[in-house]
Amino acid sequence: MLGRSAALVALLVGSVACSSAATDSTGLVGSNGLGANALGPPLATSAEVGEWVEEKTGQCDDVVPRTAEEFADFVGPLRAKLYAPYVAEWATCEAGPYERLGLVVFQREKLADFQNSWKGAMSSGEVSDNPDFGFGNGFALSGTLGLELLGLHELRCTPVVPGADVGHTLPAEAEGCTYVQKPGHHH
C-alpha cells in the first residue's frame, strides 16, 4: 500500500498542469475569472471527473456511478446533510491510496448556496471545520492525500488568520469563502 501511495504522489507531481481560467454562461462569479471557473477545466459529470483523474494519475479507469444512499454511507450522515442537496451526481474509482475515491459533481447554480449552508453549519457549531474535499471547477474529490498535487483547492469559509501562508487564493461564490491552494502548488 505504501508503494502505491508513493507511486500516486510521483504520478501526481509529474502530471500537474496549470490551466487558465475557464468561463461559461452560468452566471457564476467565475464568468469574470473568479469562483469555481478559475479552478481549471469545467467538469460536469462524474465520468468526466474520472477521465480527468485518469489523465493526471494513470489511475481511476473504472468509474462506478453511485446512489444518494451510497453517498450518505460514504461521507456519513452529517456531511451527507451538508453536501447532498448540492450534489448533481457522484461516483467512485480506485486511485492510489484510495480504494474508493469519491468523484462529486456539484449543481453549479447552487455552489453559493452550498458554501453559505456550510458557513451556517460552522456558525451554529454543527461542524467545526471547512469542507474536507479537494475542489475543482464544479466538482470535488474526497480525501486529502495528494489532491493538492492535482491542482485542486480547499474551500475555506473561515477567515484566514493574518500572516498565514495560504498560497494561491481565489474568491469563492459565497461572500466570506475562498478557494485556497497550498503554497508551491498554484497555477
# chains A, B, ... in the order shown; residues from 1 in each chain; ligands from 1

call {"tool": "residues_around", "arguments": {"residues": "Ala95 in chain A", "least_positions_apart": "3", "cutoff": "6 Å", "atoms": "only C-alpha atoms", "output": "MDAnalysis selection string"}}
result
chainID A and resid 59:60 98

call {"tool": "residues_around", "arguments": {"residues": "Ala36 in chain A", "least_positions_apart": "6", "cutoff": "7 Å", "atoms": "only C-alpha atoms", "output": "PyMOL selection string"}}
result
chain A and resi 30+136-138+172

call {"tool": "atom_distance", "arguments": {"atom1": "CA of Arg66 in chain A", "atom2": "CA of Leu103 in chain A"}}
result
9.7 Å

call {"tool": "select_by_dssp", "arguments": {"residues": "range 29-182 of chain A", "states": "helix (DSSP H, G or I)", "output": "count of residues only"}}
result
59

call {"tool": "residues_around", "arguments": {"residues": "Leu170 in chain A", "least_positions_apart": "6", "cutoff": "9 Å", "atoms": "only C-alpha atoms", "output": "ChimeraX atom specification"}}
result
/A:34-36,38-39,177-181

call {"tool": "write_last_selection", "arguments": {"atoms": "all heavy atoms", "output": "mmCIF file, in the first residue's frame"}}
result
data_model
loop_
_atom_site.group_PDB
_atom_site.id
_atom_site.type_symbol
_atom_site.label_atom_id
_atom_site.label_comp_id
_atom_site.auth_asym_id
_atom_site.auth_seq_id
_atom_site.Cartn_x
_atom_site.Cartn_y
_atom_site.Cartn_z
ATOM 1 N N LEU A 34 -13.287 34.488 -11.503
ATOM 2 C CA LEU A 34 -13.315 34.204 -10.078
ATOM 3 C C LEU A 34 -14.206 33.000 -9.810
ATOM 4 O O LEU A 34 -14.924 32.541 -10.673
ATOM 5 C CB LEU A 34 -13.832 35.418 -9.310
ATOM 6 C CG LEU A 34 -13.051 36.720 -9.524
ATOM 7 C CD1 LEU A 34 -13.748 37.866 -8.815
ATOM 8 C CD2 LEU A 34 -11.626 36.586 -9.050
ATOM 9 N N GLY A 35 -14.177 32.518 -8.586
ATOM 10 C CA GLY A 35 -15.014 31.392 -8.220
ATOM 11 C C GLY A 35 -14.539 30.114 -8.871
ATOM 12 O O GLY A 35 -13.393 29.983 -9.301
ATOM 13 N N ALA A 36 -15.422 29.139 -8.950
ATOM 14 C CA ALA A 36 -15.078 27.814 -9.448
ATOM 15 C C ALA A 36 -14.493 27.843 -10.860
ATOM 16 O O ALA A 36 -13.633 27.025 -11.193
ATOM 17 C CB ALA A 36 -16.299 26.899 -9.419
ATOM 18 N N ALA A 38 -12.369 29.644 -12.108
ATOM 19 C CA ALA A 38 -10.933 29.931 -12.098
ATOM 20 C C ALA A 38 -10.124 28.715 -11.654
ATOM 21 O O ALA A 38 -8.903 28.783 -11.576
ATOM 22 C CB ALA A 38 -10.645 31.115 -11.184
ATOM 23 N N LEU A 39 -10.787 27.593 -11.394
ATOM 24 C CA LEU A 39 -10.111 26.417 -10.855
ATOM 25 C C LEU A 39 -9.732 25.385 -11.899
ATOM 26 O O LEU A 39 -9.404 24.257 -11.563
ATOM 27 C CB LEU A 39 -10.987 25.758 -9.774
ATOM 28 C CG LEU A 39 -11.371 26.647 -8.598
ATOM 29 C CD1 LEU A 39 -12.213 25.858 -7.604
ATOM 30 C CD2 LEU A 39 -10.142 27.228 -7.928
ATOM 31 N N CYS A 177 -16.095 33.128 1.640
ATOM 32 C CA CYS A 177 -15.478 31.831 1.331
ATOM 33 C C CYS A 177 -14.397 32.035 0.267
ATOM 34 O O CYS A 177 -14.523 32.914 -0.601
ATOM 35 C CB CYS A 177 -16.510 30.834 0.812
ATOM 36 S SG CYS A 177 -17.725 30.321 2.040
ATOM 37 N N THR A 178 -13.363 31.234 0.331
ATOM 38 C CA THR A 178 -12.274 31.304 -0.639
ATOM 39 C C THR A 178 -11.840 29.903 -1.035
ATOM 40 O O THR A 178 -12.011 28.950 -0.281
ATOM 41 C CB THR A 178 -11.043 32.044 -0.063
ATOM 42 O OG1 THR A 178 -10.656 31.422 1.164
ATOM 43 C CG2 THR A 178 -11.329 33.510 0.174
ATOM 44 N N TYR A 179 -11.286 29.802 -2.230
ATOM 45 C CA TYR A 179 -10.615 28.582 -2.677
ATOM 46 C C TYR A 179 -9.128 28.802 -2.433
ATOM 47 O O TYR A 179 -8.563 29.792 -2.890
ATOM 48 C CB TYR A 179 -10.865 28.328 -4.163
ATOM 49 C CG TYR A 179 -12.291 27.953 -4.495
ATOM 50 C CD1 TYR A 179 -13.113 28.827 -5.208
ATOM 51 C CD2 TYR A 179 -12.814 26.717 -4.113
ATOM 52 C CE1 TYR A 179 -14.419 28.482 -5.528
ATOM 53 C CE2 TYR A 179 -14.125 26.371 -4.431
ATOM 54 C CZ TYR A 179 -14.910 27.257 -5.138
ATOM 55 O OH TYR A 179 -16.200 26.901 -5.455
ATOM 56 N N VAL A 180 -8.499 27.898 -1.717
ATOM 57 C CA VAL A 180 -7.107 28.045 -1.316
ATOM 58 C C VAL A 180 -6.314 26.838 -1.788
ATOM 59 O O VAL A 180 -6.747 25.694 -1.634
ATOM 60 C CB VAL A 180 -6.994 28.168 0.226
ATOM 61 C CG1 VAL A 180 -5.551 28.226 0.667
ATOM 62 C CG2 VAL A 180 -7.757 29.383 0.709
ATOM 63 N N GLN A 181 -5.152 27.111 -2.347
ATOM 64 C CA GLN A 181 -4.235 26.043 -2.754
ATOM 65 C C GLN A 181 -2.950 26.232 -1.970
ATOM 66 O O GLN A 181 -2.425 27.343 -1.873
ATOM 67 C CB GLN A 181 -3.973 26.129 -4.253
ATOM 68 C CG GLN A 181 -3.352 24.885 -4.823
ATOM 69 C CD GLN A 181 -3.261 25.009 -6.332
ATOM 70 O OE1 GLN A 181 -2.674 25.963 -6.840
ATOM 71 N NE2 GLN A 181 -3.837 24.070 -7.047
#

call {"tool": "atom_distance", "arguments": {"atom1": "CA of Leu82 in chain A", "atom2": "CA of Ala121 in chain A"}}
result
8.1 Å

call {"tool": "atom_distance", "arguments": {"atom1": "CA of Phe135 in chain A", "atom2": "CA of Leu155 in chain A"}}
result
6.9 Å

call {"tool": "closest_residue", "arguments": {"among": "A:Ala174, A:Leu101, A:Pro131, A:Asp165", "to": "Glu54 in chain A", "atoms": "only C-alpha atoms"}}
result
A:Leu101

call {"tool": "residues_around", "arguments": {"residues": "Trp90 in chain A", "least_positions_apart": "3", "cutoff": "10 Å", "atoms": "only C-alpha atoms", "output": "JSON list (two decimals) with N, CA and C atoms, in the first residue's frame"}}
result
[["chain", "number", "residue", "atom", "x", "y", "z"],
["A", 45, "THR", "N", -19.75, 15.90, -15.31],
["A", 45, "THR", "CA", -20.23, 14.56, -14.98],
["A", 45, "THR", "C", -19.15, 13.81, -14.21],
["A", 46, "SER", "N", -19.59, 12.82, -13.45],
["A", 46, "SER", "CA", -18.61, 12.02, -12.71],
["A", 46, "SER", "C", -17.71, 11.24, -13.67],
["A", 47, "ALA", "N", -18.22, 10.87, -14.83],
["A", 47, "ALA", "CA", -17.39, 10.19, -15.83],
["A", 47, "ALA", "C", -16.27, 11.12, -16.31],
["A", 49, "VAL", "N", -14.98, 13.59, -14.58],
["A", 49, "VAL", "CA", -14.05, 13.73, -13.45],
["A", 49, "VAL", "C", -13.13, 12.51, -13.41],
["A", 63, "VAL", "N", -14.77, 3.83, -13.30],
["A", 63, "VAL", "CA", -15.66, 4.74, -12.58],
["A", 63, "VAL", "C", -17.00, 4.04, -12.37],
["A", 64, "VAL", "N", -17.42, 3.98, -11.09],
["A", 64, "VAL", "CA", -18.68, 3.31, -10.74],
["A", 64, "VAL", "C", -19.68, 4.36, -10.25],
["A", 65, "PRO", "N", -20.75, 4.61, -11.03],
["A", 65, "PRO", "CA", -21.79, 5.55, -10.57],
["A", 65, "PRO", "C", -22.39, 5.06, -9.26],
["A", 66, "ARG", "N", -22.71, 6.00, -8.37],
["A", 66, "ARG", "CA", -23.24, 5.66, -7.05],
["A", 66, "ARG", "C", -24.56, 6.40, -6.80],
["A", 67, "THR", "N", -25.32, 5.90, -5.83],
["A", 67, "THR", "CA", -26.63, 6.47, -5.48],
["A", 67, "THR", "C", -26.50, 7.47, -4.34],
["A", 68, "ALA", "N", -27.57, 8.22, -4.11],
["A", 68, "ALA", "CA", -27.61, 9.17, -3.00],
["A", 68, "ALA", "C", -27.47, 8.43, -1.66],
["A", 70, "GLU", "N", -25.84, 5.67, -1.14],
["A", 70, "GLU", "CA", -24.43, 5.30, -1.01],
["A", 70, "GLU", "C", -23.57, 6.50, -0.63],
["A", 71, "PHE", "N", -23.97, 7.69, -1.11],
["A", 71, "PHE", "CA", -23.24, 8.90, -0.75],
["A", 71, "PHE", "C", -23.31, 9.13, 0.76],
["A", 84, "ALA", "N", -25.15, 16.73, 0.19],
["A", 84, "ALA", "CA", -26.09, 16.08, -0.74],
["A", 84, "ALA", "C", -27.07, 17.01, -1.45],
["A", 87, "VAL", "N", -25.33, 18.23, -4.63],
["A", 87, "VAL", "CA", -24.62, 17.28, -5.49],
["A", 87, "VAL", "C", -25.51, 16.87, -6.66],
["A", 102, "GLY", "N", -14.01, 9.38, -4.00],
["A", 102, "GLY", "CA", -15.28, 9.97, -4.38],
["A", 102, "GLY", "C", -15.10, 11.03, -5.44],
["A", 103, "LEU", "N", -15.85, 10.92, -6.52],
["A", 103, "LEU", "CA", -15.86, 11.88, -7.63],
["A", 103, "LEU", "C", -17.21, 12.59, -7.58],
["A", 104, "VAL", "N", -17.26, 13.81, -7.05],
["A", 104, "VAL", "CA", -18.51, 14.50, -6.76],
["A", 104, "VAL", "C", -18.68, 15.68, -7.71],
["A", 105, "VAL", "N", -19.83, 15.73, -8.37],
["A", 105, "VAL", "CA", -20.16, 16.84, -9.27],
["A", 105, "VAL", "C", -21.27, 17.64, -8.61],
["A", 106, "PHE", "N", -21.03, 18.93, -8.46],
["A", 106, "PHE", "CA", -22.00, 19.82, -7.82],
["A", 106, "PHE", "C", -22.95, 20.42, -8.84],
["A", 139, "PHE", "N", -16.64, 20.50, -9.45],
["A", 139, "PHE", "CA", -16.53, 19.14, -8.92],
["A", 139, "PHE", "C", -15.59, 19.12, -7.73],
["A", 140, "ALA", "N", -15.58, 17.98, -7.06],
["A", 140, "ALA", "CA", -14.66, 17.80, -5.94],
["A", 140, "ALA", "C", -14.29, 16.32, -5.84],
["A", 141, "LEU", "N", -13.14, 16.08, -5.21],
["A", 141, "LEU", "CA", -12.70, 14.72, -4.91],
["A", 141, "LEU", "C", -12.65, 14.56, -3.40]]

call {"tool": "closest_residue", "arguments": {"among": "A:Ala112, A:Ala72, A:Val127, A:Leu145", "to": "Glu175 in chain A", "atoms": "only C-alpha atoms"}}
result
A:Ala112
